[in-house]
file start.txt (compact mmCIF, C-alpha atoms)
# COMPACT_ATOMS: atom_id res chain seq x y z
CA MET A 1 99.15 107.44 114.35
CA ARG A 2 95.94 107.02 116.30
CA LEU A 3 93.41 104.59 114.88
CA ILE A 4 90.21 106.37 115.92
CA LYS A 5 89.05 109.53 114.14
CA THR A 6 86.44 112.02 115.29
CA LEU A 7 83.29 112.64 113.27
CA ASP A 8 84.66 116.05 112.22
CA GLU A 9 87.84 114.40 111.00
CA ILE A 10 85.82 111.84 109.08
CA LYS A 11 83.95 114.69 107.38
CA GLY A 12 87.27 116.21 106.30
CA ILE A 13 88.52 112.85 105.03
CA LYS A 14 85.32 112.42 103.05
CA LYS A 15 85.79 115.80 101.33
CA ALA A 16 89.23 114.71 100.15
CA ASN A 17 87.76 111.45 98.86
CA GLN A 18 84.88 113.14 97.05
CA ILE A 19 87.37 114.84 94.74
CA ILE A 20 88.61 111.42 93.64
CA ALA A 21 85.07 110.10 93.25
CA LYS A 22 84.27 113.03 90.97
CA ILE A 23 87.34 112.28 88.85
CA TYR A 24 86.33 108.66 88.37
CA GLU A 25 82.70 109.38 87.60
CA ASP A 26 82.85 112.56 85.53
CA ILE A 27 86.39 113.39 84.41
CA ILE A 28 88.09 110.13 83.43
CA PRO A 29 85.33 108.85 81.09
CA GLN A 30 85.90 111.94 78.91
CA TYR A 31 89.61 111.33 78.40
CA LEU A 32 90.62 107.71 79.07
CA LYS A 33 90.40 106.45 75.51
CA PRO A 34 92.67 104.73 72.97
CA GLY A 35 95.52 106.94 71.83
CA ILE A 36 96.13 108.89 75.03
CA THR A 37 99.32 108.32 77.03
CA THR A 38 99.42 107.58 80.73
CA ARG A 39 101.39 110.82 81.23
CA GLU A 40 98.61 112.83 79.59
CA ILE A 41 96.00 111.22 81.85
CA ASP A 42 98.15 111.98 84.87
CA LYS A 43 98.37 115.65 83.88
CA ILE A 44 94.59 115.93 83.52
CA ILE A 45 94.09 114.42 86.97
CA GLU A 46 96.72 116.63 88.61
CA GLU A 47 95.24 119.80 87.14
CA TYR A 48 91.74 118.88 88.33
CA ILE A 49 92.90 118.08 91.86
CA ARG A 50 94.71 121.42 92.10
CA ARG A 51 91.68 123.31 90.76
CA CYS A 52 89.72 121.80 93.65
CA GLY A 53 92.20 123.37 96.09
CA ALA A 54 93.71 120.01 96.99
CA ARG A 55 97.12 118.43 96.53
CA PRO A 56 97.93 115.20 94.64
CA ALA A 57 99.52 113.36 97.55
CA CYS A 58 101.36 110.70 95.54
CA ILE A 59 103.89 113.25 94.30
CA GLY A 60 107.06 113.04 96.34
CA VAL A 61 106.30 109.86 98.26
CA GLU A 62 109.69 108.28 98.95
CA GLY A 63 110.52 104.96 97.32
CA ILE A 64 113.47 102.67 96.68
CA TYR A 65 115.19 104.99 94.20
CA GLY A 66 113.68 108.33 95.18
CA PRO A 67 110.34 110.12 95.26
CA PHE A 68 107.33 109.15 93.16
CA PRO A 69 107.30 111.61 90.24
CA SER A 70 103.62 111.82 89.35
CA ALA A 71 100.17 112.69 90.68
CA THR A 72 98.61 109.32 89.90
CA CYS A 73 99.58 105.67 89.95
CA ILE A 74 98.52 104.34 86.54
CA SER A 75 98.86 100.59 85.94
CA VAL A 76 98.02 98.93 82.62
CA ASN A 77 97.17 95.27 82.02
CA GLU A 78 99.92 93.21 83.72
CA GLU A 79 100.86 96.14 85.97
CA VAL A 80 99.30 95.65 89.41
CA VAL A 81 99.89 98.90 91.31
CA HIS A 82 102.18 101.93 91.53
CA GLY A 83 102.61 102.28 87.78
CA VAL A 84 104.59 105.41 86.86
CA PRO A 85 102.87 107.47 84.13
CA GLY A 86 104.91 107.92 80.97
CA ASP A 87 104.83 107.42 77.21
CA ARG A 88 102.78 104.22 77.23
CA VAL A 89 99.86 104.67 74.85
CA ILE A 90 96.48 103.34 75.95
CA LYS A 91 95.01 100.90 73.42
CA GLU A 92 91.64 99.35 72.67
CA GLY A 93 91.22 96.25 74.83
CA ASP A 94 93.49 97.43 77.65
CA ILE A 95 92.48 97.57 81.29
CA VAL A 96 93.81 100.60 83.17
CA SER A 97 93.98 100.96 86.94
CA LEU A 98 94.07 104.46 88.42
CA ASP A 99 95.04 104.94 92.06
CA ILE A 100 94.62 108.51 93.31
CA VAL A 101 95.44 110.04 96.68
CA THR A 102 94.41 113.60 97.54
CA GLU A 103 95.23 115.85 100.49
CA LEU A 104 92.75 118.62 101.33
CA ASP A 105 93.18 120.79 104.43
CA GLY A 106 95.32 118.13 106.08
CA PHE A 107 92.97 115.22 105.32
CA TYR A 108 93.69 112.40 102.87
CA GLY A 109 91.47 110.55 100.42
CA ASP A 110 92.49 107.32 98.66
CA SER A 111 90.63 105.35 96.02
CA ALA A 112 91.39 103.17 93.00
CA LYS A 113 89.41 101.92 90.03
CA THR A 114 90.17 99.77 86.99
CA PHE A 115 88.69 100.88 83.68
CA ALA A 116 88.02 98.88 80.52
CA ILE A 117 89.21 100.57 77.34
CA GLY A 118 86.61 99.88 74.67
CA GLU A 119 85.85 96.22 74.14
CA ILE A 120 87.88 93.91 76.36
CA ASP A 121 88.11 90.13 76.32
CA GLU A 122 85.75 88.01 78.42
CA GLU A 123 88.40 86.99 80.93
CA SER A 124 89.24 90.64 81.59
CA LYS A 125 85.57 91.51 81.99
CA ARG A 126 85.20 88.80 84.59
CA LEU A 127 88.40 89.93 86.32
CA LEU A 128 87.03 93.46 86.73
CA GLU A 129 83.65 92.19 87.92
CA VAL A 130 85.14 89.81 90.48
CA THR A 131 87.64 92.35 91.80
CA GLU A 132 85.04 95.08 92.26
CA LYS A 133 82.61 92.63 93.87
CA SER A 134 85.33 91.35 96.21
CA ARG A 135 85.86 94.90 97.45
CA GLU A 136 82.14 95.20 98.25
CA ILE A 137 82.21 91.82 100.02
CA GLY A 138 85.15 93.04 102.10
CA ILE A 139 83.33 96.25 102.99
CA GLU A 140 80.33 94.23 104.19
CA GLN A 141 82.60 92.60 106.79
CA ALA A 142 83.78 95.98 108.12
CA VAL A 143 81.44 96.18 111.10
CA VAL A 144 82.05 96.74 114.79
CA GLY A 145 82.93 93.46 116.50
CA ASN A 146 84.44 91.81 113.44
CA ARG A 147 88.18 91.63 112.92
CA LEU A 148 90.39 92.61 110.01
CA GLY A 149 90.92 88.94 109.24
CA ASP A 150 87.20 88.66 108.47
CA ILE A 151 87.62 91.22 105.69
CA GLY A 152 90.63 89.48 104.18
CA HIS A 153 89.08 86.04 104.45
CA ALA A 154 85.89 87.14 102.68
CA ILE A 155 87.81 88.77 99.83
CA GLN A 156 90.17 85.83 99.39
CA HIS A 157 87.40 83.24 99.50
CA PHE A 158 85.33 85.01 96.84
CA VAL A 159 88.29 85.68 94.54
CA GLU A 160 89.67 82.15 94.70
CA LYS A 161 86.19 80.67 94.25
CA ASN A 162 86.19 82.51 90.92
CA ASP A 163 89.59 81.05 89.95
CA PHE A 164 91.61 84.23 90.34
CA SER A 165 94.29 85.06 92.92
CA VAL A 166 94.73 87.82 95.50
CA VAL A 167 98.02 89.72 95.65
CA ARG A 168 99.73 89.04 99.00
CA ASP A 169 102.59 91.58 98.97
CA PHE A 170 100.38 94.69 99.09
CA ALA A 171 97.36 95.48 101.22
CA GLY A 172 94.81 98.02 102.32
CA HIS A 173 95.69 100.35 105.17
CA GLY A 174 94.57 103.05 107.53
CA VAL A 175 94.17 106.46 105.93
CA GLY A 176 92.90 109.94 106.72
CA LEU A 177 95.47 111.99 108.60
CA ALA A 178 98.32 110.59 106.49
CA LEU A 179 98.61 108.72 103.22
CA HIS A 180 99.41 105.39 104.87
CA GLU A 181 98.50 104.66 108.48
CA ASP A 182 98.01 101.62 110.66
CA PRO A 183 96.39 99.18 110.51
CA MET A 184 97.33 97.08 107.51
CA VAL A 185 94.24 95.50 105.93
CA PRO A 186 95.30 92.38 103.98
CA ASN A 187 93.10 90.97 101.24
CA PHE A 188 93.58 87.44 102.54
CA GLY A 189 93.44 85.91 105.98
CA ARG A 190 91.53 83.88 108.53
CA LYS A 191 88.23 84.61 110.20
CA GLY A 192 88.42 85.92 113.73
CA ARG A 193 92.06 87.01 113.45
CA GLY A 194 93.59 90.47 113.52
CA LEU A 195 92.60 93.80 115.02
CA LYS A 196 89.03 94.20 116.23
CA ILE A 197 87.07 96.80 114.25
CA GLU A 198 85.81 99.82 116.22
CA ASN A 199 83.78 102.95 115.57
CA GLY A 200 85.93 105.81 114.28
CA MET A 201 88.37 103.66 112.33
CA VAL A 202 89.09 104.82 108.78
CA PHE A 203 90.85 102.56 106.32
CA ALA A 204 91.15 101.64 102.67
CA ILE A 205 89.95 98.27 101.42
CA GLU A 206 91.69 97.56 98.11
CA PRO A 207 91.82 94.08 96.61
CA MET A 208 94.39 93.60 93.85
CA VAL A 209 93.40 90.51 91.90
CA ASN A 210 95.39 88.61 89.28
CA VAL A 211 94.31 86.30 86.49
CA GLY A 212 97.21 83.95 87.20
CA THR A 213 99.63 83.66 90.10
CA TYR A 214 99.41 86.02 93.04
CA LYS A 215 103.18 86.52 92.86
CA VAL A 216 104.46 89.90 91.73
CA ALA A 217 107.72 91.66 90.88
CA ILE A 218 108.88 95.28 90.92
CA LEU A 219 110.29 96.79 87.72
CA PRO A 220 113.69 98.55 87.65
CA ASP A 221 112.00 101.95 88.14
CA GLY A 222 111.55 100.87 91.78
CA TRP A 223 107.80 101.53 91.68
CA THR A 224 105.81 99.65 89.06
CA VAL A 225 104.53 96.31 90.38
CA VAL A 226 103.75 93.66 87.74
CA THR A 227 102.39 90.13 87.78
CA ARG A 228 105.24 87.65 87.69
CA ASP A 229 103.58 85.60 84.93
CA GLY A 230 102.65 88.61 82.77
CA LYS A 231 98.91 88.03 83.11
CA ARG A 232 96.45 90.81 83.85
CA SER A 233 95.59 92.37 87.19
CA ALA A 234 92.77 94.61 88.46
CA HIS A 235 92.54 96.95 91.45
CA PHE A 236 89.50 98.50 93.17
CA GLU A 237 89.73 100.56 96.36
CA HIS A 238 87.40 102.51 98.65
CA SER A 239 88.20 104.50 101.75
CA ILE A 240 85.66 103.72 104.45
CA ALA A 241 84.86 104.92 107.97
CA ILE A 242 83.21 102.90 110.72
CA VAL A 243 80.26 104.95 111.96
CA ASP A 244 77.42 103.66 114.15
CA GLY A 245 78.77 100.16 113.90
CA LYS A 246 79.07 99.80 110.13
CA ALA A 247 81.06 100.95 107.12
CA VAL A 248 80.36 104.25 105.42
CA VAL A 249 82.03 104.57 102.01
CA LEU A 250 83.79 107.93 101.82
CA SER A 251 85.12 107.63 98.27
CA GLN A 252 81.75 107.00 96.60
CA LEU A 253 80.28 110.07 94.93
CA ASP A 254 77.37 111.56 96.86
call {"tool": "encode", "arguments": {"input": "start.txt", "output": "structure tokens"}}
result
Amino acid sequence: MRLIKTLDEIKGIKKANQIIAKIYEDIIPQYLKPGITTREIDKIIEEYIRRCGARPACIGVEGIYGPFPSATCISVNEEVVHGVPGDRVIKEGDIVSLDIVTELDGFYGDSAKTFAIGEIDEESKRLLEVTEKSREIGIEQAVVGNRLGDIGHAIQHFVEKNDFSVVRDFAGHGVGLALHEDPMVPNFGRKGRGLKIENGMVFAIEPMVNVGTYKVAILPDGWTVVTRDGKRSAHFEHSIAIVDGKAVVLSQLD
């Protein structure tokens, strides 16, 4: 998969991402409340994506034990990423991460956000704030002439300075003409290392940050990733394009 996209391709990738941005800003706040199940949220998201003429691209992605069965990855509390929607009931005080991928006219959008359900504890509030801020700090490093290691280093430094940990086993990635493309974009690393950033690159920056250890495990369903110590995790992701030397966020609502 080629790393450099044309401006027309970037426009198509942005359209796919704008559907996700609309879901996070306008749709989810209406429904993501105590008492709803993760399966019900998934159904609402899938129906909206299809009404927009797009396809929920997570469905059918091959995994350890077969294809992913749902439109959305929904991860609650100690679940880090790739949570499979089901009968779990959302409760007051939970934190819920949604990771949505859309495909529209052959272009892919990818974005994730962690939501607080009602009043959450102070540690969880700080976890969400630090994780979201670390994503923005990473995006600031996505400029022509820097390297991918500069992004990871900035995210890791900020997160660890705030006494949280960055997940090592999963990373950001190229996106746009497929769901997952090169390059990998780790959320940790060393300055000046890795691929040099160029105009036309499109990739997802997505720190996954844990309260406790960075170590994770995969549940028997073959998909759901959880923190190994059972403590909470948050996940924020934007798809960005490098245009005129700097990052343009594609998954932020216009």
call {"tool": "residues_around", "arguments": {"input": "start.txt", "residues": "region 168-172 of chain A", "least_positions_apart": "2", "cutoff": "10 Å", "atoms": "all atoms listed in the file", "output": "ChimeraX atom specification"}}
result
/A:80-81,152,165-166,174-175,180-189,203-209,214-217,225,237-239
call {"tool": "closest_atom_pairs", "arguments": {"input": "start.txt", "of": "region 152-225 of chain A", "to": "region 11-24 of chain A", "cutoff": "9 Å", "atoms": "only C-alpha atoms", "output": "JSON lines"}}
result
{"residue": "A:Val175", "atom": "CA", "partner": "A:Ile13", "partner_atom": "CA", "distance": 8.6}
{"residue": "A:Gly176", "atom": "CA", "partner": "A:Ile13", "partner_atom": "CA", "distance": 5.5}
{"residue": "A:Leu177", "atom": "CA", "partner": "A:Ile13", "partner_atom": "CA", "distance": 7.9}
{"residue": "A:Val202", "atom": "CA", "partner": "A:Ile13", "partner_atom": "CA", "distance": 8.9}
call {"tool": "atom_distance", "arguments": {"input": "start.txt", "atom1": "CA of Gln30 (chain A)", "atom2": "CA of Phe68 (chain A)"}}
result
25.9 Å
call {"tool": "axis_aligned_box", "arguments": {"input": "start.txt", "around": "region 148-166 of chain A", "padding_each_side": "8 Å", "output": "AutoDock Vina command-line options"}}
result
--center_x 90.0 --center_y 86.6 --center_z 100.0 --size_x 25.4 --size_y 27.9 --size_z 36.1
call {"tool": "atom_distance", "arguments": {"input": "start.txt", "atom1": "CA of His173 (chain A)", "atom2": "CA of Gly106 (chain A)"}}
result
17.8 Å
call {"tool": "atom_distance", "arguments": {"input": "start.txt", "atom1": "CA of Asp244 (chain A)", "atom2": "CA of Leu148 (chain A)"}}
result
17.5 Å
call {"tool": "closest_residue", "arguments": {"input": "start.txt", "among": "A:Ile27, A:Ile74, A:Val61, A:Val143", "to": "Lys196 (chain A)", "atoms": "all atoms listed in the file"}}
result
A:Val143
call {"tool": "closest_atom_pairs", "arguments": {"input": "start.txt", "of": "region 195-254 of chain A", "to": "region 127-131 of chain A", "cutoff": "9 Å", "atoms": "all atoms listed in the file", "output": "CSV"}}
result
residue,atom,partner,partner_atom,distance
A:Pro207,CA,A:Thr131,CA,6.6
A:Met208,CA,A:Thr131,CA,7.2
A:Val209,CA,A:Thr131,CA,6.0
A:Asn210,CA,A:Leu127,CA,7.7
A:Val211,CA,A:Leu127,CA,6.9
A:Arg232,CA,A:Leu127,CA,8.5
A:Ser233,CA,A:Leu127,CA,7.6
A:Ala234,CA,A:Leu128,CA,6.1
A:His235,CA,A:Thr131,CA,6.7
A:Phe236,CA,A:Thr131,CA,6.6
call {"tool": "closest_residue", "arguments": {"input": "start.txt", "among": "A:Ile151, A:Ile59, A:Ile240, A:Ile117", "to": "Cys73 (chain A)", "atoms": "all atoms listed in the file"}}
result
A:Ile59
call {"tool": "closest_residue", "arguments": {"input": "start.txt", "among": "A:Ile64, A:Ile45, A:Ile36, A:Ile155", "to": "Leu98 (chain A)", "atoms": "only C-alpha atoms"}}
result
A:Ile45
call {"tool": "residues_around", "arguments": {"input": "start.txt", "residues": "Asn199 (chain A)", "least_positions_apart": "4", "cutoff": "12 Å", "atoms": "all atoms listed in the file", "output": "PyMOL selection string"}}
result
chain A and resi 3-7+10+142-146+203+240-248
call {"tool": "closest_residue", "arguments": {"input": "start.txt", "among": "A:Val76, A:Val226, A:Ala71, A:Ala57", "to": "Asp105 (chain A)", "atoms": "all atoms listed in the file"}}
result
A:Ala57
call {"tool": "build_atoms", "arguments": {"input": "start.txt", "residues": "region 187-207 of chain A", "atoms": "N, CA, C and O atoms", "output": "mmCIF file, in the frame of the given file"}}
result
data_model
loop_
_atom_site.group_PDB
_atom_site.id
_atom_site.type_symbol
_atom_site.label_atom_id
_atom_site.label_comp_id
_atom_site.auth_asym_id
_atom_site.auth_seq_id
_atom_site.Cartn_x
_atom_site.Cartn_y
_atom_site.Cartn_z
ATOM 1 N N ASN A 187 94.209 91.491 102.036
ATOM 2 C CA ASN A 187 93.100 90.970 101.240
ATOM 3 C C ASN A 187 93.038 89.444 101.286
ATOM 4 O O ASN A 187 92.437 88.817 100.427
ATOM 5 N N PHE A 188 93.659 88.879 102.290
ATOM 6 C CA PHE A 188 93.580 87.440 102.540
ATOM 7 C C PHE A 188 93.693 87.261 104.063
ATOM 8 O O PHE A 188 94.092 88.186 104.777
ATOM 9 N N GLY A 189 93.316 86.120 104.544
ATOM 10 C CA GLY A 189 93.440 85.910 105.980
ATOM 11 C C GLY A 189 92.465 84.884 106.525
ATOM 12 O O GLY A 189 91.789 84.187 105.770
ATOM 13 N N ARG A 190 92.392 84.839 107.849
ATOM 14 C CA ARG A 190 91.530 83.880 108.530
ATOM 15 C C ARG A 190 90.489 84.607 109.350
ATOM 16 O O ARG A 190 90.753 85.666 109.931
ATOM 17 N N LYS A 191 89.303 84.028 109.402
ATOM 18 C CA LYS A 191 88.230 84.610 110.200
ATOM 19 C C LYS A 191 88.647 84.714 111.666
ATOM 20 O O LYS A 191 89.342 83.840 112.195
ATOM 21 N N GLY A 192 88.204 85.775 112.302
ATOM 22 C CA GLY A 192 88.420 85.920 113.730
ATOM 23 C C GLY A 192 89.827 86.313 114.129
ATOM 24 O O GLY A 192 90.135 86.380 115.316
ATOM 25 N N ARG A 193 90.687 86.621 113.165
ATOM 26 C CA ARG A 193 92.060 87.010 113.450
ATOM 27 C C ARG A 193 92.247 88.509 113.168
ATOM 28 O O ARG A 193 91.528 89.102 112.388
ATOM 29 N N GLY A 194 93.250 89.074 113.794
ATOM 30 C CA GLY A 194 93.590 90.470 113.520
ATOM 31 C C GLY A 194 92.880 91.437 114.437
ATOM 32 O O GLY A 194 92.124 91.070 115.346
ATOM 33 N N LEU A 195 93.127 92.716 114.191
ATOM 34 C CA LEU A 195 92.600 93.800 115.020
ATOM 35 C C LEU A 195 91.083 93.831 114.988
ATOM 36 O O LEU A 195 90.461 93.657 113.941
ATOM 37 N N LYS A 196 90.481 94.082 116.161
ATOM 38 C CA LYS A 196 89.030 94.200 116.230
ATOM 39 C C LYS A 196 88.606 95.563 115.679
ATOM 40 O O LYS A 196 89.220 96.598 115.965
ATOM 41 N N ILE A 197 87.555 95.572 114.890
ATOM 42 C CA ILE A 197 87.070 96.800 114.250
ATOM 43 C C ILE A 197 86.229 97.606 115.247
ATOM 44 O O ILE A 197 85.362 97.062 115.943
ATOM 45 N N GLU A 198 86.492 98.929 115.284
ATOM 46 C CA GLU A 198 85.810 99.820 116.220
ATOM 47 C C GLU A 198 85.278 101.048 115.495
ATOM 48 O O GLU A 198 85.777 101.441 114.434
ATOM 49 N N ASN A 199 84.280 101.684 116.098
ATOM 50 C CA ASN A 199 83.780 102.950 115.570
ATOM 51 C C ASN A 199 84.908 103.979 115.510
ATOM 52 O O ASN A 199 85.754 104.052 116.406
ATOM 53 N N GLY A 200 84.928 104.768 114.439
ATOM 54 C CA GLY A 200 85.930 105.810 114.280
ATOM 55 C C GLY A 200 87.133 105.385 113.462
ATOM 56 O O GLY A 200 87.945 106.226 113.074
ATOM 57 N N MET A 201 87.266 104.097 113.192
ATOM 58 C CA MET A 201 88.370 103.660 112.330
ATOM 59 C C MET A 201 88.103 104.097 110.888
ATOM 60 O O MET A 201 86.958 104.096 110.422
ATOM 61 N N VAL A 202 89.165 104.464 110.200
ATOM 62 C CA VAL A 202 89.090 104.820 108.780
ATOM 63 C C VAL A 202 90.199 104.066 108.067
ATOM 64 O O VAL A 202 91.368 104.173 108.441
ATOM 65 N N PHE A 203 89.823 103.288 107.067
ATOM 66 C CA PHE A 203 90.850 102.560 106.320
ATOM 67 C C PHE A 203 90.401 102.283 104.896
ATOM 68 O O PHE A 203 89.219 102.420 104.556
ATOM 69 N N ALA A 204 91.385 101.949 104.074
ATOM 70 C CA ALA A 204 91.150 101.640 102.670
ATOM 71 C C ALA A 204 91.108 100.131 102.485
ATOM 72 O O ALA A 204 91.991 99.413 102.949
ATOM 73 N N ILE A 205 90.066 99.678 101.811
ATOM 74 C CA ILE A 205 89.950 98.270 101.420
ATOM 75 C C ILE A 205 90.222 98.223 99.921
ATOM 76 O O ILE A 205 89.520 98.859 99.129
ATOM 77 N N GLU A 206 91.262 97.478 99.507
ATOM 78 C CA GLU A 206 91.690 97.560 98.110
ATOM 79 C C GLU A 206 92.227 96.241 97.566
ATOM 80 O O GLU A 206 93.431 96.047 97.440
ATOM 81 N N PRO A 207 91.335 95.325 97.218
ATOM 82 C CA PRO A 207 91.820 94.080 96.610
ATOM 83 C C PRO A 207 92.517 94.321 95.276
ATOM 84 O O PRO A 207 92.053 95.097 94.440
#
